[in-house]
Every structure is written in structure tokens, then in C-alpha cells.
Amino acid sequence: MSQIFISAAHKSSGKTTVTLGLCAALCARGLKVQPFKKGPDYIDPMWLGRAAGHTCHNLDFYTQSRDEIRDTVGYYARGADITLIEGNKGLYDGLDLDGSNSNAALAKLLSAPVVLVLDARGMTRGIAPLILGYQAFDADINIAGVILNQLGGSRHEAKLRSVIEHYTDVPVVGAVARNTDMEILERHLGLIPSNEQKDAAQQIVRIGHSIEAQVDLDMLLSIAAESSVPPAPAEPPSAIAPLDQPLRIAVARDEAFGFYYPDDLQAMADAGAELIAVDTLRDTTLPAVDGLFIGGGFPESCMQKLQANASLRGTIRQAIEDGLPVYAECGGLMYLSRSLSWKGSRCEMVGSIPADTVMHERPQGRGYVRLTPTASHPWGIGTGEAVELCAHEFHYSALDGLKTGNGFAFQVVRGSGIDGVHDGFVYKNLLACYTHQRTTRGNRWTEDFLRFVSTCKSRRRPTDNR
């Protein structure tokens, strides 16, 4: 149960590609690898989880307490041979001036040795003061090695190795050459998710082979063995109260909608809910369910196919009219609006939200948010108390022409939400917001949602839409 923290000097250094390559290479050795990702991220964990063969979980100071982070690592690292934690941005980057939520703070919390992935393009002797500066900035951080990335060739590698060996005591764990075959395509939110890229499995194998040939895996394992993961709690931190009656929850899972925290889905399943995958691009109707969850994703990339599936759109619209409890986040909100416009094209969507979604060139909401539930919250958590929920948002779209007399479920304390002040459109038993929530000890939203679905079920029989 050893562990290692993969970080970098700055974002876009290639650490995600290197980390997933390490996952694949170590798995090929027969090791059980448990990946984690710092911060609120869906796409990188998809790739890391697929490469490791085990679900990747997020670690986030903003939404989790320090004890909860340690418990998350301890619980999900049970039985693993090695835990790989990928940071976000640079080692010392974070929200606060004191670095309390930085990658370095996370590595320190977990007592994990750090391996820096350094984009070495254009660098020779200057790499030494970079490494020395990162060591000196916080002596409590164990920078146990570096992986040189984007190298121009063998001469470039030799120069860098000589400089690092002469001026520092940090070992070079690997040297990765610049190679376009290792690149994963990107779009406006970052990497294209693995559930969309058709050759994702083959790409992971290629990257794994490349990393295996250019990184000293034995040295990496030796470094990781210097640290062990925290002890495992009896149950996952995201555990919620068990249901008092069986529930069937439809979850949109396809190329358009794939942004789900595994903790959320597992919490619902462990509580007793039966989760039923719905393909919004191909299924023509909803199964008989008690509730519907439509997460985030890239509906704009699939909007012609979403429009073409008029049967399912009509079924969902009627189910909402009939009072089906529905929760939608970001991409789900876009799908439930009247239309979606992007790059000069406009496609019809479900139409339950009386507004049109328009994609913009720049983000309309990005980063961490804080929300206060209002009395209009349909799940009954808007008590008027000064309770703030911590979550995040990242959207290039905005709703155009929204008028609602139903109120909003959230007052935005920090962030953008739907209109800069409110988030959480409410209509009958529908709640749709730009905010992405995550089940934590400070926000057990899945428990609130399932309790609401259970209450609705007790009032009416589920409709069989087949």
C-alpha cells in the first residue's frame, strides 16, 4: 500500500498523460494500482481509472475536510499495491495565499513523496534552479524525483541529466521524448473524455508502453515504498442513509453525458437504489423509474443526435410534466432547455426549461462555488438557515430568455450559476443547475435527492413509459 504524488511545475506539463501511462505500465506488471486526482475534475479521472482498471476518486480541499481526504484515500486504497495521486496545475498552486489547498498541502497531508513532471522544452542548465527552488520553497515536501518530459532527443536528455546530477540531489526517474502519438485530443473543457474517444483503450496501451520504456519503474516503486497510505475507515466517507423502500433511478450514460462522481453513484447504489443507464442518443423511451439523474458532459458535441432522438426527448418532457423527480447538472440542464445553439447551428432539446442554451467562446462560469439553499428547493433543504454548500462549475454556455415564477433552489454566494445570483431552476419536481455537486460529509446531496424521490414515489405510482 505504497503511494506517490505526481505533480508538476505548472499546468499543461503532461502529468496526466504520464500518470495514466504509469497506471497502464504498472498494471501490465500485474500490480493493483489505485489512482486519485486532486480537485474537481471528471475527465482526467475517466482516463486514469480506465488505465488503472480501478475507479479514480477525487481529493478536494474545497469540498472535503482534511480527515475526509485521508479517509477517502485509506478506504479506496485498500488492497492496492500502489496508489498514484495526480495533482492539478503546479505543485504550489492553489486558491489561497498560504497554499493551504495546494498540491503541496495535499502531498504533505498524505505524507506522500512527490515526483515532478517537468516540461523540459527549451531548458538545459536552467532546470537546476527550478528544482532547487521547488525544494527550498517548502522543506517539508519530499521531492523524491523528476520525470523529464517533452525532450528533444538523446543529446537534450544527456545535458539535462548532467545538470541535475551536478547541481541537485534529486534523481531522474524518467525521460520522456516528445511524441505526438502520446497526445490525447483536447477541446474547450480539457481532454476529450475516454468515453468519447473510440480508440481510448489502444491509446492507453500505446502510452503505457512508451512510459514503460522511458521511466524507471523500479525506481518509482522504490520511492513510493517510502510512504504508506492512511488507515482505512469502516465505510466510505460518501456513505448515506439506507432507503426505506426500493427505488429505480435512471442515469444518462453515453457520449453526451458522462460527468459523474463515482462516489455519488456508489452512494446511491449502496443505499439501495437501482441505477439504470439510459442512452439519450439511442434509447427511444425511459424505462419504468422513480427518478432521473442527468449529469454533465458535452451535449453540444452530440446535439444533432440528441435532436434526432425526438421520441426520448418527448418522453422525458412528459415525465417531467407528470411529476417525475429529475435532477440535472450543467450538460443535463442544457439538454432540458428548449434549444442548444453552437457554432452557428441550433438544435431542439427537451423543452422543459423555458429558455434557450447558447454556447459562448469564453467560460460563463468557472471554478468553485458556494450556494445557500432557498425555500424553493424542492428537496426540502431550504430551511432558511445560513448553510452554505461547496461545489464547482465549468460551463461555456448560458441560458437565454429564462423567465421563472417558481423561484430558484439556490442563492449564489460565490460563482456564476444561472444568472450570477441564482442557480437551480425549479419546475414541478425538476431541479436543474449549472453547479456540480459531490456527496461529501458537508453535502450529502444524494441522500436528499433519494429521500425526495422516495417521498414522491409514496405519493404516486411510478409511470411505465415503455
# chains A, B, ... in the order shown; residues from 1 in each chain; ligands from 1
$ residues_around --residues "range 143-152 of chain A" --least-positions-apart "5" --cutoff "6 Å" --atoms "only C-alpha atoms" --output "number ranges by chain"
A: 113-121, 170-178
$ residues_around --residues "range 239-254 of chain A" --least-positions-apart "3" --cutoff "8 Å" --atoms "only C-alpha atoms" --output "number ranges by chain"
A: 195, 235-236, 257-258, 267-268, 270-281, 286-295, 444, 446-447, 450-451, 453-454
$ write_last_selection --atoms "C-alpha atoms" --output "compact mmCIF listing (two decimals), in the first residue's frame"
# COMPACT_ATOMS: atom_id res chain seq x y z
CA ASN A 195 -15.96 7.52 -23.12
CA GLU A 235 -17.17 2.77 5.36
CA PRO A 236 -16.60 5.25 2.54
CA PHE A 257 -23.41 12.74 -20.58
CA GLY A 258 -20.57 11.18 -18.61
CA ALA A 267 -23.51 6.11 -2.51
CA MET A 268 -26.92 5.80 -4.17
CA ASP A 270 -25.11 1.29 -1.57
CA ALA A 271 -28.17 3.00 -0.10
CA GLY A 272 -30.35 0.56 -2.05
CA ALA A 273 -31.17 2.44 -5.27
CA GLU A 274 -31.13 0.50 -8.53
CA LEU A 275 -29.27 2.63 -11.10
CA ILE A 276 -30.42 2.12 -14.69
CA ALA A 277 -28.30 3.53 -17.53
CA VAL A 278 -30.17 5.48 -20.20
CA ASP A 279 -28.62 6.30 -23.57
CA THR A 280 -30.01 9.69 -24.64
CA LEU A 281 -28.72 9.18 -28.18
CA LEU A 286 -37.50 5.86 -20.41
CA PRO A 287 -37.86 2.60 -18.50
CA ALA A 288 -40.18 2.46 -15.52
CA VAL A 289 -38.27 4.53 -12.96
CA ASP A 290 -38.86 6.60 -9.86
CA GLY A 291 -36.33 9.33 -10.64
CA LEU A 292 -33.89 10.59 -13.28
CA PHE A 293 -30.35 11.97 -12.94
CA ILE A 294 -28.75 13.71 -15.94
CA GLY A 295 -25.19 14.75 -15.20
CA ARG A 444 -24.97 14.66 1.25
CA THR A 446 -27.56 12.16 -2.95
CA GLU A 447 -29.30 11.38 0.34
CA LEU A 450 -33.21 9.93 -2.86
CA ARG A 451 -35.33 10.97 0.11
CA VAL A 453 -37.69 10.63 -4.82
CA SER A 454 -38.94 8.26 -2.13
$ select_by_dssp --residues "range 214-330 of chain A" --states "strand (DSSP E or B)" --output "ChimeraX atom specification"
/A:215,228,247-252,257-259,273-278,291-294,296-297,326-329
$ write_last_selection --atoms "C-alpha atoms" --output "CSV table (one decimal), in the first residue's frame"
chain,number,residue,atom,x,y,z
A,215,VAL,CA,10.6,5.6,-17.0
A,228,SER,CA,2.1,4.3,3.1
A,247,LEU,CA,-36.0,3.0,-5.9
A,248,ARG,CA,-35.2,2.8,-9.5
A,249,ILE,CA,-33.1,5.8,-10.7
A,250,ALA,CA,-32.4,6.3,-14.4
A,251,VAL,CA,-28.9,7.8,-15.1
A,252,ALA,CA,-28.0,9.3,-18.5
A,257,PHE,CA,-23.4,12.7,-20.6
A,258,GLY,CA,-20.6,11.2,-18.6
A,259,PHE,CA,-19.6,13.6,-15.9
A,273,ALA,CA,-31.2,2.4,-5.3
A,274,GLU,CA,-31.1,0.5,-8.5
A,275,LEU,CA,-29.3,2.6,-11.1
A,276,ILE,CA,-30.4,2.1,-14.7
A,277,ALA,CA,-28.3,3.5,-17.5
A,278,VAL,CA,-30.2,5.5,-20.2
A,291,GLY,CA,-36.3,9.3,-10.6
A,292,LEU,CA,-33.9,10.6,-13.3
A,293,PHE,CA,-30.4,12.0,-12.9
A,294,ILE,CA,-28.8,13.7,-15.9
A,296,GLY,CA,-22.8,17.0,-17.1
A,297,GLY,CA,-21.0,16.3,-20.3
A,326,VAL,CA,-35.4,14.8,-12.0
A,327,TYR,CA,-32.0,16.3,-11.1
A,328,ALA,CA,-29.9,17.7,-13.9
A,329,GLU,CA,-26.4,19.3,-13.7
$ closest_atom_pairs --of "range 284-335 of chain A" --to "range 406-428 of chain A" --cutoff "9 Å" --atoms "only C-alpha atoms" --output "Markdown table"
| residue | atom | partner | partner_atom | distance |
| --- | --- | --- | --- | --- |
| A:Ile320 | CA | A:Lys428 | CA | 7.4 |
| A:Glu321 | CA | A:Lys428 | CA | 7.4 |
| A:Asp322 | CA | A:Lys428 | CA | 8.7 |
| A:Gly323 | CA | A:Lys428 | CA | 6.1 |
| A:Leu324 | CA | A:Lys428 | CA | 8.5 |
| A:Pro325 | CA | A:Lys428 | CA | 8.3 |
| A:Glu329 | CA | A:Gly424 | CA | 8.9 |
| A:Leu333 | CA | A:Phe425 | CA | 8.7 |
$ residues_around --residues "Ser352 in chain A" --least-positions-apart "2" --cutoff "6 Å" --atoms "only C-alpha atoms" --output "PDB file with C-alpha atoms, in the first residue's frame"
ATOM      1  CA  ARG A 317     -40.642  16.131 -21.231  1.00  0.00           C
ATOM      2  CA  LEU A 336     -33.612  20.074 -20.764  1.00  0.00           C
ATOM      3  CA  SER A 337     -33.779  23.595 -22.223  1.00  0.00           C
ATOM      4  CA  VAL A 350     -36.285  18.564 -24.389  1.00  0.00           C
TER       5      VAL A 350
END
$ closest_atom_pairs --of "range 266-372 of chain A" --to "range 386-404 of chain A" --cutoff "10 Å" --atoms "only C-alpha atoms" --output "Markdown table"
| residue | atom | partner | partner_atom | distance |
| --- | --- | --- | --- | --- |
| A:Gly296 | CA | A:His395 | CA | 9.6 |
| A:Gly297 | CA | A:His395 | CA | 9.9 |
| A:Glu300 | CA | A:Ser397 | CA | 9.5 |
| A:Glu329 | CA | A:Glu393 | CA | 9.4 |
| A:Cys330 | CA | A:His395 | CA | 7.1 |
| A:Gly331 | CA | A:His395 | CA | 8.5 |
| A:Leu333 | CA | A:Leu399 | CA | 9.3 |
| A:Met334 | CA | A:Leu399 | CA | 8.0 |
| A:Ser337 | CA | A:Leu399 | CA | 8.1 |
| A:Arg338 | CA | A:Leu399 | CA | 9.8 |
| A:Ser339 | CA | A:Leu399 | CA | 9.7 |
| A:Leu340 | CA | A:Ser397 | CA | 9.1 |
| A:Ser341 | CA | A:Ser397 | CA | 9.1 |
| A:Trp342 | CA | A:Ser397 | CA | 9.1 |
| A:Ile353 | CA | A:Leu402 | CA | 7.9 |
| A:Pro354 | CA | A:Leu402 | CA | 5.9 |
| A:Ala355 | CA | A:Leu402 | CA | 4.6 |
| A:Asp356 | CA | A:Asp400 | CA | 5.1 |
| A:Thr357 | CA | A:Leu399 | CA | 4.7 |
| A:Val358 | CA | A:Ser397 | CA | 5.3 |
| A:Met359 | CA | A:Ser397 | CA | 4.2 |
| A:His360 | CA | A:Tyr396 | CA | 5.4 |
| A:Glu361 | CA | A:Tyr396 | CA | 6.9 |
| A:Arg362 | CA | A:Tyr396 | CA | 6.0 |
| A:Pro363 | CA | A:Tyr396 | CA | 4.2 |
| A:Gln364 | CA | A:Tyr396 | CA | 5.1 |
| A:Gly365 | CA | A:His395 | CA | 5.4 |
| A:Arg366 | CA | A:Phe394 | CA | 4.2 |
| A:Gly367 | CA | A:Glu393 | CA | 5.6 |
| A:Tyr368 | CA | A:His392 | CA | 4.1 |
| A:Val369 | CA | A:His392 | CA | 5.0 |
| A:Arg370 | CA | A:Cys390 | CA | 4.7 |
| A:Leu371 | CA | A:Leu389 | CA | 5.1 |
| A:Thr372 | CA | A:Glu388 | CA | 4.8 |
$ residues_around --residues "range 76-85 of chain A" --least-positions-apart "6" --cutoff "7 Å" --atoms "only C-alpha atoms" --output "list of chain:residue names"
A:Met1, A:Ser2, A:Gln3, A:Ile4, A:Phe5, A:Ile6, A:Leu31, A:Lys32, A:Val33, A:Gln34, A:Pro35, A:Phe36, A:Lys37, A:Ala232
$ closest_residue --among "A:Ser65, A:Ala136, A:Met349, A:Arg206" --to "Asn443 in chain A" --atoms "only C-alpha atoms"
A:Ser65
$ closest_residue --among "A:Ser238, A:His377, A:Met46, A:His436" --to "Ala269 in chain A" --atoms "only C-alpha atoms"
A:Ser238
$ closest_residue --among "A:Cys302, A:Thr168, A:Ala200, A:Asp96" --to "Arg346 in chain A" --atoms "only C-alpha atoms"
A:Cys302
$ residues_around --residues "Leu217 in chain A" --least-positions-apart "2" --cutoff "10 Å" --atoms "only C-alpha atoms" --output "number ranges by chain"
A: 22, 25-26, 29, 173-174, 211-215, 219-223
$ residues_around --residues "Phe452 in chain A" --least-positions-apart "5" --cutoff "8 Å" --atoms "only C-alpha atoms" --output "list of chain:residue names"
A:Pro325, A:Pro378, A:Trp379, A:Gly380
$ select_by_dssp --residues "range 144-245 of chain A" --states "helix (DSSP H, G or I)" --output "JSON, numbers by chain"
{"A": [154, 155, 156, 157, 158, 159, 160, 161, 162, 163, 164, 165, 166, 167, 180, 181, 182, 200, 201, 202, 203, 204, 205, 206, 207, 208, 209, 210, 211, 212, 213, 214, 217, 218, 219, 220, 221, 222, 223, 224]}
$ write_last_selection --atoms "N, CA and C atoms" --output "CSV table (one decimal), in the first residue's frame"
chain,number,residue,atom,x,y,z
A,154,SER,N,18.2,12.6,-27.6
A,154,SER,CA,19.2,12.0,-26.6
A,154,SER,C,20.2,13.0,-26.1
A,155,ARG,N,20.6,13.9,-27.0
A,155,ARG,CA,21.6,15.0,-26.5
A,155,ARG,C,20.9,15.9,-25.5
A,156,HIS,N,19.7,16.2,-25.7
A,156,HIS,CA,19.0,17.1,-24.8
A,156,HIS,C,18.8,16.4,-23.4
A,157,GLU,N,18.5,15.1,-23.5
A,157,GLU,CA,18.3,14.3,-22.3
A,157,GLU,C,19.7,14.2,-21.5
A,158,ALA,N,20.7,14.0,-22.2
A,158,ALA,CA,22.0,13.8,-21.6
A,158,ALA,C,22.5,15.1,-20.9
A,159,LYS,N,22.2,16.3,-21.5
A,159,LYS,CA,22.6,17.6,-20.9
A,159,LYS,C,21.8,17.8,-19.6
A,160,LEU,N,20.5,17.5,-19.7
A,160,LEU,CA,19.6,17.7,-18.5
A,160,LEU,C,20.0,16.8,-17.4
A,161,ARG,N,20.3,15.5,-17.7
A,161,ARG,CA,20.7,14.6,-16.6
A,161,ARG,C,22.0,15.1,-16.0
A,162,SER,N,23.0,15.5,-16.8
A,162,SER,CA,24.3,16.0,-16.2
A,162,SER,C,24.1,17.2,-15.3
A,163,VAL,N,23.2,18.2,-15.7
A,163,VAL,CA,23.0,19.4,-14.9
A,163,VAL,C,22.3,19.0,-13.6
A,164,ILE,N,21.3,18.1,-13.7
A,164,ILE,CA,20.5,17.8,-12.5
A,164,ILE,C,21.4,17.0,-11.5
A,165,GLU,N,22.2,16.1,-12.0
A,165,GLU,CA,23.1,15.3,-11.2
A,165,GLU,C,24.2,16.2,-10.5
A,166,HIS,N,24.7,17.2,-11.3
A,166,HIS,CA,25.8,18.1,-10.8
A,166,HIS,C,25.3,19.0,-9.7
A,167,TYR,N,24.1,19.6,-9.9
A,167,TYR,CA,23.6,20.7,-9.0
A,167,TYR,C,22.6,20.3,-7.9
A,180,THR,N,4.0,12.8,-30.6
A,180,THR,CA,2.6,13.1,-30.9
A,180,THR,C,1.7,11.9,-30.8
A,181,ASP,N,2.3,10.7,-30.8
A,181,ASP,CA,1.4,9.5,-30.7
A,181,ASP,C,0.9,9.4,-29.3
A,182,MET,N,1.5,10.1,-28.3
A,182,MET,CA,1.1,10.0,-26.9
A,182,MET,C,0.0,11.1,-26.6
A,200,ALA,N,-9.7,4.8,-27.2
A,200,ALA,CA,-9.1,5.1,-25.9
A,200,ALA,C,-8.3,3.9,-25.4
A,201,ALA,N,-8.8,2.7,-25.5
A,201,ALA,CA,-8.1,1.6,-25.0
A,201,ALA,C,-6.7,1.4,-25.6
A,202,GLN,N,-6.7,1.5,-27.0
A,202,GLN,CA,-5.5,1.4,-27.7
A,202,GLN,C,-4.5,2.5,-27.4
A,203,GLN,N,-5.1,3.7,-27.2
A,203,GLN,CA,-4.2,4.9,-26.8
A,203,GLN,C,-3.6,4.7,-25.5
A,204,ILE,N,-4.3,4.2,-24.5
A,204,ILE,CA,-3.8,3.9,-23.2
A,204,ILE,C,-2.6,2.9,-23.3
A,205,VAL,N,-2.8,1.8,-24.1
A,205,VAL,CA,-1.8,0.8,-24.2
A,205,VAL,C,-0.5,1.4,-24.9
A,206,ARG,N,-0.7,2.3,-25.9
A,206,ARG,CA,0.4,2.9,-26.5
A,206,ARG,C,1.2,3.8,-25.5
A,207,ILE,N,0.5,4.6,-24.8
A,207,ILE,CA,1.1,5.5,-23.8
A,207,ILE,C,1.8,4.6,-22.7
A,208,GLY,N,1.1,3.5,-22.3
A,208,GLY,CA,1.7,2.7,-21.3
A,208,GLY,C,3.1,2.1,-21.7
A,209,HIS,N,3.1,1.6,-23.0
A,209,HIS,CA,4.3,1.1,-23.5
A,209,HIS,C,5.4,2.1,-23.6
A,210,SER,N,5.1,3.3,-24.0
A,210,SER,CA,6.0,4.4,-24.1
A,210,SER,C,6.6,4.8,-22.7
A,211,ILE,N,5.7,4.9,-21.7
A,211,ILE,CA,6.2,5.2,-20.4
A,211,ILE,C,7.1,4.1,-19.8
A,212,GLU,N,6.7,2.9,-20.0
A,212,GLU,CA,7.4,1.8,-19.5
A,212,GLU,C,8.9,1.8,-20.1
A,213,ALA,N,9.0,2.2,-21.3
A,213,ALA,CA,10.3,2.2,-21.9
A,213,ALA,C,11.2,3.4,-21.5
A,214,GLN,N,10.6,4.4,-21.0
A,214,GLN,CA,11.3,5.7,-20.7
A,214,GLN,C,11.3,6.1,-19.3
A,217,LEU,N,10.6,2.2,-13.7
A,217,LEU,CA,9.5,1.8,-12.8
A,217,LEU,C,10.0,1.3,-11.5
A,218,ASP,N,11.1,0.6,-11.5
A,218,ASP,CA,11.7,0.1,-10.3
A,218,ASP,C,12.0,1.2,-9.3
A,219,MET,N,12.6,2.2,-9.8
A,219,MET,CA,13.0,3.4,-9.0
A,219,MET,C,11.7,4.1,-8.5
A,220,LEU,N,10.7,4.2,-9.3
A,220,LEU,CA,9.4,4.8,-8.9
A,220,LEU,C,8.8,4.0,-7.8
A,221,LEU,N,8.8,2.7,-7.9
A,221,LEU,CA,8.2,1.8,-6.9
A,221,LEU,C,9.0,1.9,-5.6
A,222,SER,N,10.3,2.1,-5.7
A,222,SER,CA,11.2,2.2,-4.5
A,222,SER,C,10.8,3.5,-3.8
A,223,ILE,N,10.6,4.6,-4.6
A,223,ILE,CA,10.3,5.9,-4.0
A,223,ILE,C,8.9,5.8,-3.3
A,224,ALA,N,8.0,5.2,-4.0
A,224,ALA,CA,6.6,5.0,-3.4
A,224,ALA,C,6.6,4.3,-2.1
